[in-house]
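K.L.:
I'm passing along data.csv; it holds CSV, C-alpha atoms.
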```csv
chain,number,residue,atom,x,y,z
F,1179,MET,CA,0.0,0.0,0.0
F,1180,VAL,CA,2.8,2.4,0.8
F,1181,ASP,CA,4.3,2.0,-2.7
F,1182,ASP,CA,0.9,2.9,-4.4
F,1183,ASP,CA,0.5,5.9,-2.1
F,1184,ILE,CA,4.0,7.2,-3.0
F,1185,LYS,CA,3.4,6.7,-6.7
F,1186,THR,CA,0.2,8.6,-6.5
F,1187,PHE,CA,1.8,11.4,-4.5
F,1188,LEU,CA,4.7,11.6,-7.0
F,1189,HIS,CA,2.3,11.9,-9.9
F,1190,THR,CA,-0.2,14.3,-8.3
F,1191,GLU,CA,1.4,16.3,-5.6
F,1192,TYR,CA,5.2,16.2,-5.8
F,1193,ALA,CA,5.6,19.2,-8.1
F,1194,ARG,CA,3.3,21.4,-6.0
F,1195,VAL,CA,5.0,20.5,-2.8
F,1196,VAL,CA,8.4,21.1,-4.3
F,1197,ARG,CA,7.2,24.5,-5.6
F,1198,ALA,CA,5.9,25.5,-2.2
F,1199,VAL,CA,9.1,24.4,-0.4
F,1200,THR,CA,11.1,26.3,-3.0
F,1201,VAL,CA,9.3,29.5,-2.2
F,1202,VAL,CA,10.0,28.9,1.5
F,1203,CYS,CA,13.7,28.1,1.2
F,1204,GLY,CA,14.5,30.1,-1.9
F,1205,ASP,CA,16.4,27.2,-3.7
F,1206,ARG,CA,14.7,24.6,-5.9
F,1207,GLU,CA,17.5,22.1,-5.5
F,1208,ARG,CA,17.3,22.3,-1.8
F,1209,ALA,CA,13.6,22.0,-1.9
F,1210,GLU,CA,13.7,19.0,-4.1
F,1211,ASP,CA,16.3,17.4,-1.8
F,1212,ALA,CA,14.1,18.0,1.2
F,1213,VAL,CA,10.9,16.6,-0.4
F,1214,GLN,CA,12.8,13.6,-1.8
F,1215,ASP,CA,14.3,12.9,1.6
F,1216,ALA,CA,10.9,13.0,3.2
F,1217,VAL,CA,9.5,10.6,0.6
F,1218,VAL,CA,12.4,8.2,1.0
F,1219,ASP,CA,11.8,8.3,4.8
F,1220,VAL,CA,8.2,7.2,4.3
F,1221,TRP,CA,9.2,4.5,1.9
F,1222,MET,CA,12.1,3.2,3.9
F,1223,LYS,CA,10.2,3.0,7.1
F,1224,ARG,CA,7.1,1.6,5.3
F,1225,ARG,CA,5.0,4.1,7.2
F,1226,GLU,CA,1.2,4.2,6.6
F,1227,ILE,CA,0.2,7.9,6.7
F,1228,ASP,CA,-3.3,9.2,6.2
F,1229,ASP,CA,-2.3,12.5,4.6
F,1230,LEU,CA,0.9,11.7,2.7
F,1231,ALA,CA,1.2,15.1,1.0
F,1232,GLY,CA,0.7,17.0,4.2
F,1233,TRP,CA,3.2,14.8,6.1
F,1234,VAL,CA,5.8,15.1,3.3
F,1235,THR,CA,5.3,18.9,3.2
F,1236,THR,CA,5.8,19.3,6.9
F,1237,ALA,CA,8.8,17.0,6.9
F,1238,ALA,CA,10.3,18.8,3.9
F,1239,LEU,CA,9.8,22.2,5.5
F,1240,ASN,CA,11.5,21.0,8.6
F,1241,ARG,CA,14.4,19.7,6.6
F,1242,ALA,CA,14.6,22.9,4.6
F,1243,ARG,CA,14.6,25.0,7.8
F,1244,THR,CA,17.4,22.9,9.2
F,1245,ARG,CA,19.5,23.2,6.0
F,1246,TRP,CA,18.7,26.9,5.8
F,1247,ARG,CA,20.0,27.4,9.4
F,1248,SER,CA,23.1,25.5,8.5
F,1249,ALA,CA,23.6,27.5,5.3
F,1250,ALA,CA,23.0,30.8,7.2
F,1251,ALA,CA,25.6,29.9,9.8
F,1252,GLU,CA,28.1,29.0,7.0
F,1253,ARG,CA,27.3,32.2,5.2
F,1254,ARG,CA,27.9,34.3,8.4
F,1255,ALA,CA,31.1,32.5,9.0
F,1256,PHE,CA,32.2,33.1,5.4
F,1257,GLU,CA,31.3,36.8,5.6
F,1258,ARG,CA,33.3,37.1,8.8
F,1259,PHE,CA,36.2,35.4,7.1
F,1260,ALA,CA,35.8,37.4,3.9
F,1261,GLY,CA,35.7,40.6,5.9
F,1262,ARG,CA,38.9,39.8,7.6
F,1263,PHE,CA,40.7,38.9,4.4
F,1264,GLY,CA,39.1,41.2,1.8
F,1265,HIS,CA,37.2,38.6,-0.3
F,1266,ALA,CA,33.9,39.2,-2.0
F,1267,GLY,CA,30.7,38.0,-0.3
F,1268,ALA,CA,28.8,34.9,-1.3
F,1269,ALA,CA,26.9,34.8,-4.6
F,1270,PRO,CA,23.1,35.3,-4.2
F,1271,VAL,CA,20.9,32.2,-4.3
F,1272,ALA,CA,19.4,31.6,-7.7
F,1273,THR,CA,15.6,31.5,-8.0
F,1274,SER,CA,13.7,28.7,-9.6
F,1275,ALA,CA,11.3,28.9,-12.5
F,1276,LEU,CA,8.8,30.7,-10.3
F,1277,ASP,CA,7.9,34.2,-11.2
F,1278,ASP,CA,11.1,36.1,-10.2
F,1279,ARG,CA,9.2,39.0,-8.8
F,1280,VAL,CA,7.1,36.9,-6.5
F,1281,ALA,CA,10.0,34.7,-5.5
F,1282,ARG,CA,12.2,37.8,-4.7
F,1283,ALA,CA,9.4,39.4,-2.7
F,1284,LEU,CA,8.7,36.2,-0.7
F,1285,GLY,CA,12.4,35.7,-0.1
F,1286,ALA,CA,12.5,38.9,1.8
F,1287,PHE,CA,9.6,38.0,4.1
F,1288,PRO,CA,10.0,36.6,7.6
F,1289,ARG,CA,10.0,32.8,7.5
F,1290,ASN,CA,6.6,32.4,9.2
F,1291,GLN,CA,4.9,34.6,6.6
F,1292,ARG,CA,6.7,33.0,3.7
F,1293,GLU,CA,5.7,29.5,4.8
F,1294,ALA,CA,2.1,30.5,5.5
F,1295,VAL,CA,1.7,32.1,2.0
F,1296,ALA,CA,3.4,29.2,0.3
F,1297,LEU,CA,1.3,26.6,2.0
F,1298,HIS,CA,-2.0,28.5,1.6
F,1299,TYR,CA,-1.6,29.7,-2.0
F,1300,LEU,CA,0.7,27.3,-3.6
F,1301,LEU,CA,-0.7,24.1,-2.0
F,1302,ASP,CA,-4.3,25.3,-1.5
F,1303,MET,CA,-4.2,24.4,2.2
F,1304,SER,CA,-6.9,25.8,4.4
F,1305,VAL,CA,-6.0,28.1,7.2
F,1306,ALA,CA,-6.6,25.3,9.7
F,1307,ASP,CA,-4.1,23.1,7.7
F,1308,VAL,CA,-1.6,25.9,7.5
F,1309,ALA,CA,-1.8,26.3,11.3
F,1310,SER,CA,-1.4,22.6,11.8
F,1311,ARG,CA,1.6,22.3,9.5
F,1312,LEU,CA,3.3,25.3,11.1
F,1313,GLY,CA,2.4,24.3,14.6
F,1314,VAL,CA,0.6,27.5,15.5
F,1315,ALA,CA,-2.9,28.5,16.3
F,1316,GLU,CA,-5.3,29.3,13.5
F,1317,GLY,CA,-5.4,33.0,14.5
F,1318,THR,CA,-1.6,33.1,14.3
F,1319,ALA,CA,-1.8,31.5,10.8
F,1320,LYS,CA,-4.4,34.1,9.8
F,1321,VAL,CA,-2.1,36.9,11.0
F,1322,HIS,CA,0.9,35.5,9.0
F,1323,LEU,CA,-1.3,35.2,5.9
F,1324,HIS,CA,-2.7,38.7,6.3
F,1325,ARG,CA,0.8,40.2,6.8
F,1326,GLY,CA,2.2,38.1,4.0
F,1327,ARG,CA,-0.5,39.2,1.5
F,1328,ARG,CA,-0.1,42.9,2.5
F,1329,ALA,CA,3.7,42.7,2.1
F,1330,LEU,CA,3.4,40.8,-1.2
F,1331,GLN,CA,1.1,43.4,-2.6
F,1332,ALA,CA,3.3,46.3,-1.5
F,1333,ALA,CA,6.4,44.5,-2.9
F,1334,LEU,CA,4.7,43.8,-6.3
F,1335,VAL,CA,3.4,47.4,-6.5
F,1336,ALA,CA,6.9,48.7,-5.7
F,1337,THR,CA,8.4,46.4,-8.4
F,1338,ASP,CA,5.8,47.6,-10.9
F,1339,ASP,CA,6.6,51.2,-10.1
F,1340,ASP,CA,10.3,50.6,-10.5
F,1341,GLU,CA,9.8,48.9,-13.9
F,1342,GLU,CA,7.6,51.7,-15.0
F,1343,ASN,CA,10.2,54.3,-14.0
F,1344,ASP,CA,12.9,52.3,-15.9
F,1345,ARG,CA,10.8,52.3,-19.1
F,1346,VAL,CA,10.0,56.0,-18.9
F,1347,GLY,CA,13.5,57.1,-18.0
F,1348,PRO,CA,14.8,60.3,-16.6
```
Spit out the file's structure as structure tokens when you get a sec.

P.N.:
Amino acid sequence: MVDDDIKTFLHTEYARVVRAVTVVCGDRERAEDAVQDAVVDVWMKRREIDDLAGWVTTAALNRARTRWRSAAAERRAFERFAGRFGHAGAAPVATSALDDRVARALGAFPRNQREAVALHYLLDMSVADVASRLGVAEGTAKVHLHRGRRALQAALVATDDDEENDRVGP
């Protein structure tokens, strides 16, 4: 039964989950690794899970957060090292095939808003499901979504204004 569930997940939900985790962690390869690790975990342990897509999403987000923390610590150490020895900073993380404007905007959000927006809008999760996946109360999830929507709107309007000014010129 686990094999059939995993095959169904891979054909129906995998791409959506990877896309949402990509928005959260800012790197498609890291997102794919996290999702694949979670799927392998289910398969290796032969776990029966009622909501496989939800479980994989939560596990992948946890893995992505752990990797992000490690990468952030490495980046800070590199920047301290580079500052001492005059080297340039690390290259920016490349975005995926997602709309660059949205990906850039979401990348600047606090983690809780970025995760809530990705789960709700990219995976069509209800507010209750978002709250459950993030381990917060529904009211808190609503606040994260509200702030995320407001910030995304402001970021996209600012990007539109910048693009319009670039077209018009001085």

K.L.:
Quick one: distance from CA of Pro1288 (chain F) to CA of Val1217 (chain F) in Å, one decimal?

P.N.:
26.9 Å

K.L.:
Using Å and a single decimal, report how far CA of Val1220 (chain F) sits from CA of Thr1318 (chain F).

P.N.:
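We find that CA of Thr1318 (chain F) and CA of Val1220 (chain F) lie 29.4 Å from each other.
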
K.L.:
Do you know which residues are at most 10 Å from Ala1309 (chain F) counting all atoms listed in the file, after dropping those on the same chain fewer than 3 positions away, and could you put them as a PDB file with C-alpha atoms, in the coordinates of the input?

P.N.:
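Dumped to around05.pdb:
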```pdb
ATOM      1  CA  ALA F1294       2.100  30.500   5.500  1.00  0.00           C
ATOM      2  CA  LEU F1297       1.300  26.600   2.000  1.00  0.00           C
ATOM      3  CA  HIS F1298      -2.000  28.500   1.600  1.00  0.00           C
ATOM      4  CA  MET F1303      -4.200  24.400   2.200  1.00  0.00           C
ATOM      5  CA  SER F1304      -6.900  25.800   4.400  1.00  0.00           C
ATOM      6  CA  VAL F1305      -6.000  28.100   7.200  1.00  0.00           C
ATOM      7  CA  ALA F1306      -6.600  25.300   9.700  1.00  0.00           C
ATOM      8  CA  LEU F1312       3.300  25.300  11.100  1.00  0.00           C
ATOM      9  CA  GLY F1313       2.400  24.300  14.600  1.00  0.00           C
ATOM     10  CA  VAL F1314       0.600  27.500  15.500  1.00  0.00           C
ATOM     11  CA  ALA F1315      -2.900  28.500  16.300  1.00  0.00           C
ATOM     12  CA  GLU F1316      -5.300  29.300  13.500  1.00  0.00           C
ATOM     13  CA  GLY F1317      -5.400  33.000  14.500  1.00  0.00           C
ATOM     14  CA  THR F1318      -1.600  33.100  14.300  1.00  0.00           C
ATOM     15  CA  ALA F1319      -1.800  31.500  10.800  1.00  0.00           C
ATOM     16  CA  LYS F1320      -4.400  34.100   9.800  1.00  0.00           C
ATOM     17  CA  HIS F1322       0.900  35.500   9.000  1.00  0.00           C
TER      18      HIS F1322
END
```

K.L.:
What's the separation between CA of Thr1236 (chain F) and CA of Ala1296 (chain F), in Å to one decimal place?

P.N.:
12.1 Å

K.L.:
Is it possible to add N, CA, C and O atoms to region 1190-1212 of chain F and hand it back as a compact mmCIF listing (two decimals), keeping the file's coordinate frame?

P.N.:
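The resulting file, selection_29.txt, is shown below:
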```
# COMPACT_ATOMS: atom_id res chain seq x y z
N THR F 1190 0.81 13.23 -8.53
CA THR F 1190 -0.20 14.30 -8.30
C THR F 1190 0.21 15.45 -7.51
O THR F 1190 -0.27 16.56 -7.75
N GLU F 1191 1.06 15.26 -6.52
CA GLU F 1191 1.40 16.30 -5.60
C GLU F 1191 2.82 16.76 -5.51
O GLU F 1191 3.11 17.85 -5.02
N TYR F 1192 3.72 15.93 -5.97
CA TYR F 1192 5.20 16.20 -5.80
C TYR F 1192 5.55 17.58 -6.31
O TYR F 1192 6.19 18.35 -5.60
N ALA F 1193 5.18 17.92 -7.54
CA ALA F 1193 5.60 19.20 -8.10
C ALA F 1193 5.07 20.38 -7.31
O ALA F 1193 5.79 21.37 -7.11
N ARG F 1194 3.83 20.29 -6.84
CA ARG F 1194 3.30 21.40 -6.00
C ARG F 1194 3.99 21.54 -4.72
O ARG F 1194 4.26 22.65 -4.27
N VAL F 1195 4.30 20.41 -4.08
CA VAL F 1195 5.00 20.50 -2.80
C VAL F 1195 6.40 21.05 -2.99
O VAL F 1195 6.85 21.91 -2.23
N VAL F 1196 7.10 20.61 -4.03
CA VAL F 1196 8.40 21.10 -4.30
C VAL F 1196 8.36 22.64 -4.56
O VAL F 1196 9.18 23.41 -4.05
N ARG F 1197 7.35 23.07 -5.30
CA ARG F 1197 7.20 24.50 -5.60
C ARG F 1197 7.01 25.31 -4.30
O ARG F 1197 7.64 26.35 -4.09
N ALA F 1198 6.16 24.81 -3.43
CA ALA F 1198 5.90 25.50 -2.20
C ALA F 1198 7.15 25.55 -1.29
O ALA F 1198 7.49 26.59 -0.72
N VAL F 1199 7.84 24.44 -1.19
CA VAL F 1199 9.10 24.40 -0.40
C VAL F 1199 10.13 25.28 -1.00
O VAL F 1199 10.91 25.92 -0.30
N THR F 1200 10.16 25.38 -2.34
CA THR F 1200 11.10 26.30 -3.00
C THR F 1200 10.88 27.71 -2.62
O THR F 1200 11.83 28.44 -2.34
N VAL F 1201 9.62 28.10 -2.57
CA VAL F 1201 9.30 29.50 -2.20
C VAL F 1201 9.78 29.73 -0.74
O VAL F 1201 10.33 30.79 -0.43
N VAL F 1202 9.60 28.76 0.11
CA VAL F 1202 10.00 28.90 1.50
C VAL F 1202 11.49 29.00 1.67
O VAL F 1202 12.01 29.87 2.37
N CYS F 1203 12.21 28.10 1.00
CA CYS F 1203 13.70 28.10 1.20
C CYS F 1203 14.47 28.82 0.20
O CYS F 1203 15.66 29.03 0.40
N GLY F 1204 13.85 29.22 -0.92
CA GLY F 1204 14.50 30.10 -1.90
C GLY F 1204 15.46 29.32 -2.85
O GLY F 1204 16.18 29.95 -3.61
N ASP F 1205 15.45 28.00 -2.85
CA ASP F 1205 16.40 27.20 -3.70
C ASP F 1205 15.67 25.95 -4.13
O ASP F 1205 15.36 25.11 -3.30
N ARG F 1206 15.44 25.81 -5.43
CA ARG F 1206 14.70 24.60 -5.90
C ARG F 1206 15.44 23.33 -5.63
O ARG F 1206 14.81 22.35 -5.25
N GLU F 1207 16.75 23.31 -5.80
CA GLU F 1207 17.50 22.10 -5.50
C GLU F 1207 17.36 21.66 -4.07
O GLU F 1207 17.16 20.49 -3.77
N ARG F 1208 17.48 22.63 -3.18
CA ARG F 1208 17.30 22.30 -1.80
C ARG F 1208 15.93 21.84 -1.44
O ARG F 1208 15.74 20.92 -0.64
N ALA F 1209 14.94 22.45 -2.10
CA ALA F 1209 13.60 22.00 -1.90
C ALA F 1209 13.35 20.60 -2.39
O ALA F 1209 12.72 19.79 -1.71
N GLU F 1210 13.85 20.31 -3.58
CA GLU F 1210 13.70 19.00 -4.10
C GLU F 1210 14.39 17.94 -3.20
O GLU F 1210 13.85 16.86 -2.96
N ASP F 1211 15.57 18.27 -2.73
CA ASP F 1211 16.30 17.40 -1.80
C ASP F 1211 15.44 17.11 -0.56
O ASP F 1211 15.32 15.96 -0.10
N ALA F 1212 14.87 18.16 0.00
CA ALA F 1212 14.10 18.00 1.20
C ALA F 1212 12.85 17.17 0.99
O ALA F 1212 12.53 16.29 1.80
```
